[in-house]
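*Asks:* Coordinates in work39.cif, mmCIF, C-alpha atoms, are listed below.
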data_entry
loop_
_atom_site.label_atom_id
_atom_site.label_comp_id
_atom_site.auth_asym_id
_atom_site.auth_seq_id
_atom_site.Cartn_x
_atom_site.Cartn_y
_atom_site.Cartn_z
CA MET A 1 11.83 8.23 55.86
CA ARG A 2 12.52 9.58 52.40
CA THR A 3 15.88 9.17 50.76
CA SER A 4 17.73 12.32 49.70
CA PRO A 5 16.43 14.06 46.58
CA THR A 6 19.72 13.55 44.75
CA ARG A 7 19.55 9.78 45.36
CA GLU A 8 16.01 9.89 44.02
CA ALA A 9 17.16 11.83 40.98
CA GLU A 10 19.68 9.13 40.10
CA LYS A 11 16.82 6.69 40.10
CA TRP A 12 14.70 9.01 37.95
CA LEU A 13 17.51 9.19 35.43
CA ASP A 14 17.65 5.39 35.34
CA ASP A 15 13.93 4.86 35.09
CA TYR A 16 12.75 7.81 33.04
CA GLY A 17 15.85 9.27 31.34
CA ASP A 18 15.05 7.69 27.98
CA MET A 19 11.39 8.61 28.15
CA LEU A 20 12.11 12.26 29.01
CA TYR A 21 14.76 12.50 26.33
CA ARG A 22 12.46 11.01 23.70
CA TYR A 23 9.67 13.39 24.66
CA ALA A 24 11.98 16.40 24.46
CA LEU A 25 13.81 15.39 21.28
CA LEU A 26 10.63 14.89 19.25
CA ARG A 27 9.52 18.39 20.17
CA VAL A 28 12.68 20.52 20.12
CA ARG A 29 14.40 18.55 17.31
CA SER A 30 17.91 19.19 18.59
CA GLN A 31 19.83 16.50 20.42
CA ALA A 32 21.90 18.97 22.45
CA VAL A 33 18.84 20.96 23.52
CA ALA A 34 16.93 17.79 24.41
CA GLU A 35 19.82 16.57 26.58
CA ASP A 36 19.93 19.92 28.41
CA LEU A 37 16.18 19.80 28.95
CA VAL A 38 16.42 16.36 30.57
CA GLN A 39 19.12 17.67 32.89
CA ASP A 40 17.17 20.83 33.74
CA THR A 41 14.08 18.75 34.43
CA LEU A 42 15.87 16.47 36.89
CA LEU A 43 17.57 19.39 38.64
CA ALA A 44 14.23 21.18 38.94
CA GLY A 45 12.79 17.94 40.26
CA ILE A 46 15.40 17.84 43.02
CA GLN A 47 14.53 21.45 43.93
CA SER A 48 10.82 20.84 44.16
CA PHE A 49 10.83 17.26 45.39
CA GLN A 50 9.58 18.26 48.83
CA ASN A 51 6.47 19.69 47.20
CA PHE A 52 5.80 16.53 45.24
CA SER A 53 2.68 15.15 46.87
CA GLY A 54 2.83 11.72 45.33
CA LYS A 55 -0.71 12.14 44.07
CA SER A 56 0.46 11.65 40.51
CA SER A 57 3.13 9.18 39.46
CA VAL A 58 6.76 10.31 39.37
CA GLN A 59 6.65 9.88 35.60
CA THR A 60 3.68 12.23 35.20
CA TRP A 61 5.26 14.73 37.57
CA LEU A 62 8.57 14.76 35.68
CA ILE A 63 6.81 15.11 32.33
CA SER A 64 4.90 18.12 33.62
CA ILE A 65 8.17 19.76 34.65
CA LEU A 66 9.64 18.96 31.24
CA LYS A 67 6.61 20.45 29.46
CA HIS A 68 7.28 23.77 31.21
CA LYS A 69 10.95 23.60 30.28
CA ILE A 70 10.05 22.99 26.64
CA ILE A 71 7.71 25.99 26.60
CA ASP A 72 10.44 28.13 28.16
CA HIS A 73 12.83 26.98 25.48
CA PHE A 74 10.39 27.88 22.70
CA ARG A 75 9.74 31.25 24.31
CA LYS A 76 13.45 32.01 24.42
CA SER A 77 14.23 30.82 20.91
CA LYS A 78 11.37 32.63 19.16
CA LYS A 79 13.50 35.77 18.66
CA GLU A 80 16.11 34.01 16.55
CA ASN A 81 13.41 32.10 14.73
CA ILE A 82 11.50 35.13 13.50
CA GLU A 83 14.08 35.80 10.80
CA PHE A 84 13.60 32.31 9.42
CA ILE A 85 9.90 32.71 8.97
CA ASP A 86 10.27 36.11 7.26
CA ALA A 87 12.91 34.82 4.90
CA ASP A 88 10.54 32.04 4.01
CA ALA A 89 7.56 34.30 3.36
CA GLY A 90 9.14 35.60 0.14
CA LYS A 91 8.78 32.31 -1.63
CA ASP A 92 5.57 31.36 0.10
CA LEU A 93 4.90 27.74 -0.72
CA PHE A 94 1.27 28.08 0.24
CA SER A 95 0.35 30.84 -2.21
CA ARG A 96 2.28 29.17 -4.98
CA GLN A 97 -0.13 26.24 -4.87
CA PHE A 98 -2.96 28.40 -6.22
CA ASP A 99 -3.58 30.50 -9.34
CA ASP A 100 -4.97 34.04 -9.30
CA GLN A 101 -8.53 32.76 -8.94
CA GLY A 102 -7.52 30.67 -5.94
CA HIS A 103 -7.77 27.33 -7.75
CA TRP A 104 -5.22 24.57 -7.22
CA LYS A 105 -2.49 24.70 -9.83
CA LYS A 106 -1.85 21.02 -9.23
CA PRO A 107 -4.88 19.53 -7.44
CA PRO A 108 -3.98 17.17 -4.57
CA ALA A 109 -4.46 13.58 -5.68
CA SER A 110 -5.62 10.85 -3.37
CA TRP A 111 -2.95 9.22 -1.17
CA ALA A 112 -2.91 5.48 -0.90
CA ILE A 113 -2.60 5.04 2.86
CA PRO A 114 -2.25 1.36 3.79
CA GLU A 115 -3.82 0.34 7.10
CA ASN A 116 -0.44 -0.31 8.74
CA THR A 117 1.25 2.96 7.74
CA LEU A 118 1.46 4.19 11.32
CA GLU A 119 3.23 0.96 12.29
CA ASN A 120 5.87 1.45 9.62
CA GLU A 121 9.15 2.60 11.10
CA GLN A 122 10.35 4.09 7.82
CA PHE A 123 7.22 6.20 7.56
CA TRP A 124 8.04 7.75 10.93
CA GLN A 125 11.60 8.53 9.90
CA ILE A 126 10.18 10.46 6.95
CA TYR A 127 7.55 12.12 9.12
CA ARG A 128 10.20 13.30 11.53
CA GLN A 129 12.39 14.54 8.71
CA CYS A 130 9.50 16.54 7.27
CA LEU A 131 8.85 18.09 10.69
CA SER A 132 12.53 19.03 10.93
CA ASP A 133 12.32 20.72 7.55
CA LEU A 134 9.74 23.23 8.82
CA PRO A 135 11.24 26.66 9.54
CA GLY A 136 11.92 27.30 13.26
CA ARG A 137 8.94 29.20 14.57
CA MET A 138 6.55 27.35 12.29
CA ALA A 139 7.80 24.04 13.65
CA ASP A 140 7.63 25.27 17.25
CA LEU A 141 4.04 26.34 16.70
CA PHE A 142 3.08 23.01 15.16
CA MET A 143 4.62 21.22 18.15
CA LEU A 144 2.85 23.35 20.75
CA ARG A 145 -0.53 23.43 19.08
CA THR A 146 -0.82 19.98 17.55
CA ILE A 147 1.44 17.72 19.55
CA GLU A 148 1.33 19.42 22.96
CA ASN A 149 -2.28 20.38 22.30
CA LEU A 150 -1.90 23.79 23.92
CA PRO A 151 -4.84 26.19 23.35
CA SER A 152 -4.33 28.67 20.49
CA GLU A 153 -4.37 31.63 22.89
CA ASP A 154 -1.49 30.16 24.91
CA CYS A 155 0.50 29.46 21.75
CA CYS A 156 0.06 33.09 20.71
CA LYS A 157 1.47 34.33 24.00
CA ILE A 158 4.41 31.96 24.06
CA LEU A 159 5.45 32.51 20.46
CA ASP A 160 4.47 36.19 20.20
CA PHE A 161 1.76 35.99 17.58
CA LYS A 162 -0.25 39.20 17.58
CA THR A 163 -3.56 37.57 16.68
CA THR A 164 -5.00 34.06 16.61
CA ASN A 165 -5.68 34.69 12.95
CA GLN A 166 -1.97 35.04 12.31
CA LEU A 167 -1.45 31.82 14.22
CA TRP A 168 -3.99 29.94 12.12
CA VAL A 169 -2.47 31.21 8.90
CA THR A 170 0.95 30.01 10.02
CA LEU A 171 -0.44 26.60 11.02
CA SER A 172 -2.11 26.34 7.65
CA ARG A 173 1.23 26.98 5.95
CA ALA A 174 2.98 24.47 8.20
CA ARG A 175 0.47 21.79 7.23
CA MET A 176 0.76 22.63 3.54
CA LYS A 177 4.53 22.19 3.81
CA LEU A 178 4.22 18.93 5.72
CA ARG A 179 1.74 17.62 3.20
CA ARG A 180 4.02 18.46 0.34
CA CYS A 181 7.03 16.89 2.03
CA LEU A 182 5.19 13.66 2.89
CA GLU A 183 3.88 13.42 -0.63
CA THR A 184 7.30 13.86 -2.17
CA LEU A 185 9.26 11.65 0.21
CA TRP A 186 6.71 8.99 1.03
CA PHE A 187 3.47 8.74 -0.88
CA ASN A 188 5.02 9.16 -4.31
CA GLN A 189 7.76 6.66 -3.52
CA GLU A 190 5.72 3.52 -3.05
CA MET B 1 -18.60 30.97 -3.26
CA LEU B 2 -15.33 30.15 -1.58
CA ASN B 3 -12.36 29.23 -3.75
CA CYS B 4 -9.91 26.36 -3.11
CA LYS B 5 -7.36 28.61 -1.43
CA GLN B 6 -9.94 29.82 1.09
CA VAL B 7 -11.24 26.31 1.67
CA SER B 8 -7.73 24.99 2.31
CA GLU B 9 -7.27 27.71 4.96
CA LEU B 10 -10.58 26.74 6.55
CA SER B 11 -9.68 23.05 6.44
CA SER B 12 -6.60 23.72 8.50
CA ARG B 13 -8.48 26.01 10.86
CA SER B 14 -11.15 23.38 11.41
CA LEU B 15 -8.46 21.27 13.11
CA ASP B 16 -7.76 24.05 15.63
CA SER B 17 -11.11 25.62 16.34
CA ARG B 18 -14.79 25.21 15.70
CA LEU B 19 -15.73 27.06 12.54
CA ARG B 20 -18.72 29.39 12.44
CA TRP B 21 -21.89 27.84 11.12
CA ARG B 22 -21.73 29.90 7.94
CA GLN B 23 -18.13 28.84 7.29
CA ARG B 24 -19.00 25.21 7.86
CA MET B 25 -21.85 25.38 5.37
CA GLN B 26 -19.75 27.16 2.74
CA MET B 27 -16.99 24.62 3.18
CA LYS B 28 -19.38 21.70 2.97
CA LEU B 29 -20.85 23.06 -0.23
CA HIS B 30 -17.41 23.47 -1.78
CA LEU B 31 -16.26 20.01 -0.73
CA MET B 32 -19.31 18.42 -2.31
CA MET B 33 -18.13 19.66 -5.65
CA CYS B 34 -14.35 19.69 -5.31
CA GLU B 35 -12.47 16.38 -5.12
CA ALA B 36 -9.07 18.11 -4.75
CA CYS B 37 -10.11 19.97 -1.59
CA LYS B 38 -11.74 16.84 -0.23
CA GLN B 39 -8.43 15.01 -0.62
CA TYR B 40 -6.57 17.92 0.93
CA LEU B 41 -8.77 17.89 4.03
CA LYS B 42 -8.37 14.12 4.35
CA GLN B 43 -4.60 14.46 4.13
CA LEU B 44 -4.50 17.19 6.77
CA GLN B 45 -6.56 14.97 9.05
CA PHE B 46 -4.11 12.15 8.48
CA ILE B 47 -1.17 14.44 9.29
CA GLN B 48 -2.97 15.55 12.44
CA LYS B 49 -3.71 12.01 13.57
CA SER B 50 -0.11 10.98 12.93
CA ALA B 51 1.27 13.92 14.91
CA LYS B 52 -0.81 12.96 17.90
CA SER B 53 0.45 9.39 17.96
CA MET B 54 4.08 10.27 17.31
CA ASP B 55 5.34 9.60 20.85
CA ILE B 56 4.47 5.91 20.96
CA HIS B 57 6.22 5.24 17.67
CA PHE B 58 9.69 6.33 18.73
CA GLN B 59 10.37 3.96 21.60
CA ASN B 60 13.78 3.20 20.09
CA ILE B 61 15.15 6.67 20.91
CA THR B 62 17.35 6.52 24.00
CA LEU B 63 19.34 9.06 25.97
CA PRO B 64 22.97 8.91 24.73
CA ASP B 65 25.44 7.48 27.27
CA GLU B 66 27.65 10.59 27.32
CA ALA B 67 24.65 12.73 28.21
CA ARG B 68 23.59 10.27 30.89
CA LEU B 69 27.04 10.37 32.50
CA ARG B 70 27.14 14.15 32.31
CA ILE B 71 23.75 14.48 33.99
CA LEU B 72 24.70 11.94 36.63
CA ALA B 73 27.85 13.96 37.40
CA LYS B 74 25.76 17.10 37.69
CA ILE B 75 23.42 15.42 40.15
CA SER B 76 26.32 14.10 42.25
CA ASP B 77 27.81 17.61 42.36
CA LEU B 78 24.71 18.77 44.17
CA GLN B 79 25.35 16.30 46.96
CA LYS B 80 28.67 17.87 47.91
#
Starting from the file, lay out its structure as structure tokens.
*Replies:*
Amino acid sequence: MRTSPTREAEKWLDDYGDMLYRYALLRVRSQAVAEDLVQDTLLAGIQSFQNFSGKSSVQTWLISILKHKIIDHFRKSKKENIEFIDADAGKDLFSRQFDDQGHWKKPPASWAIPENTLENEQFWQIYRQCLSDLPGRMADLFMLRTIENLPSEDCCKILDFKTTNQLWVTLSRARMKLRRCLETLWFNQE
Amino acid sequence: MLNCKQVSELSSRSLDSRLRWRQRMQMKLHLMMCEACKQYLKQLQFIQKSAKSMDIHFQNITLPDEARLRILAKISDLQK
């Protein structure tokens, strides 16, 4: 006989609370939102527990619920984020990198990337900070496309991009910003 | 001939979709002659690789105790 779903949920919180929170926080970048998402995920889990077949692990099942919650959050917050991206377009960092002929004003120099960079805790603090510095919708897009690995077409629908071309242009700007931030805060510091 | 601005757009796009043959050739040609764009592509690839391995590098993040208690209370409420 199965125990009650709420008893199960207490166990989920014990076993997977940290993991779910971590997953959410890295994507939505707000502690309060991430906490709410963990709660919503567990409550949704209680609701749908009877449908959980046990074919996948509880961890995988909870993550898949959380993924949907994160997408819903992005979908809801895109309206407030649109202003951010427009305000940013005026002083477009991307275009400012090039002269009228489309040549680099300051050509990117080689980064010295030591083998163990990805094991360096301080590097990751910087990386996360640079992600947080991206304007709202740009950051949401980078999360969905690159980290969640959602197809471009799905990202367009969720975040209301009219064309995939517009989406690619925005991703290109997000990467230019990230590159610049990492260079300033990390690669030029060593 | 593509300029650096166009190639930097294509470099980013190449991480999201397969470029058309013609675009790939034009990009290749440009990269053969342009060290700056070559570095830029390399750096974007590094940023991409890092993003994909982000989760495993933040094992020290834990759910704050206040939030845990609040969620637990919410779950118990359902039992009543």
*Asks:* Using all atoms listed in the file, can you tell me which of B:Thr62, B:Gln23, B:Gln45, B:Ser11 comes closest to chain A?
*Replies:*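 That would be B:Thr62, the residue with the smallest distance to chain A.
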*Asks:* Please identify all polymer residues within 9 Å of stretch 15-21 of chain A, counting only C-alpha atoms, omitting same-chain residues fewer than 6 positions from it, and present them as a list in words.
*Replies:*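 Counting only C-alpha atoms, the residues come to Gln31, Ala34, Glu35, Leu37, Val38, Thr41, Gln59, Leu62, Ile63 and Leu66 of chain A; Gln59, Ile61, Thr62, Leu63, Pro64 and Arg68 of chain B.
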*Asks:* Per residue of chain A within 6 Å of chain B, which atom pair is closest and at what distance in Å (one decimal), using all atoms listed in the file, listed by chain and increasing number, as a Markdown table?
*Replies:*
| residue | atom | partner | partner_atom | distance |
| --- | --- | --- | --- | --- |
| A:Asp18 | CA | B:Thr62 | CA | 4.7 |
| A:Tyr21 | CA | B:Leu63 | CA | 5.7 |
| A:Arg22 | CA | B:Ile61 | CA | 5.8 |
| A:Gln39 | CA | B:Ile71 | CA | 5.7 |
| A:Gly102 | CA | B:Lys5 | CA | 5.0 |
| A:His103 | CA | B:Cys4 | CA | 5.2 |
| A:Pro107 | CA | B:Ala36 | CA | 5.2 |
| A:Pro108 | CA | B:Ala36 | CA | 5.2 |
| A:Ser110 | CA | B:Gln39 | CA | 5.7 |
| A:Ile147 | CA | B:Lys52 | CA | 5.5 |
| A:Ser172 | CA | B:Ser12 | CA | 5.3 |
*Asks:* Figure out the distance between atom CA of A:Asn188 and atom CA of A:Trp111, please, to one decimal in Å.
*Replies:*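 One can read the atom CA of A:Trp111 to atom CA of A:Asn188 distance as 8.6 Å.
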*Asks:* Hey, can you check how far atom CA of A:Cys181 sits from atom CA of A:Asn116?
*Replies:*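 These two atoms are separated by 19.9 Å.
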*Asks:* How far is it from atom CA of A:Cys130 to atom CA of A:Leu178, in Å with one decimal?
*Replies:*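 One can read the atom CA of A:Cys130 to atom CA of A:Leu178 distance as 6.0 Å.
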*Asks:* I need every residue sitting at most 8 Å from the point (5.5, 28.7, 21.8) (coordinates as in the file, only C-alpha atoms considered), written as a VMD selection string.
*Replies:* chain A and resid 71 74 to 75 78 140 to 141 144 154 to 160
*Asks:* Could you check the closest approach to A:Thr164 for each of A:Arg179, A:His73, A:Arg145, A:Arg96 and tell me which residue wins, using all atoms listed in the file?
*Replies:*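 Going through A:Arg179, A:His73, A:Arg145, A:Arg96 one by one, the smallest distance to A:Thr164 is for A:Arg145.
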*Asks:* Would you give the centre and edge lengths, in Å to one decimal, of a box along x, y and z around the listed atoms of stretch 52-67 of chain B, with 8 Å added to each side, as AutoDock Vina command-line options?
*Replies:*
--center_x 13.4 --center_y 8.1 --center_z 22.8 --size_x 44.5 --size_y 25.8 --size_z 26.9
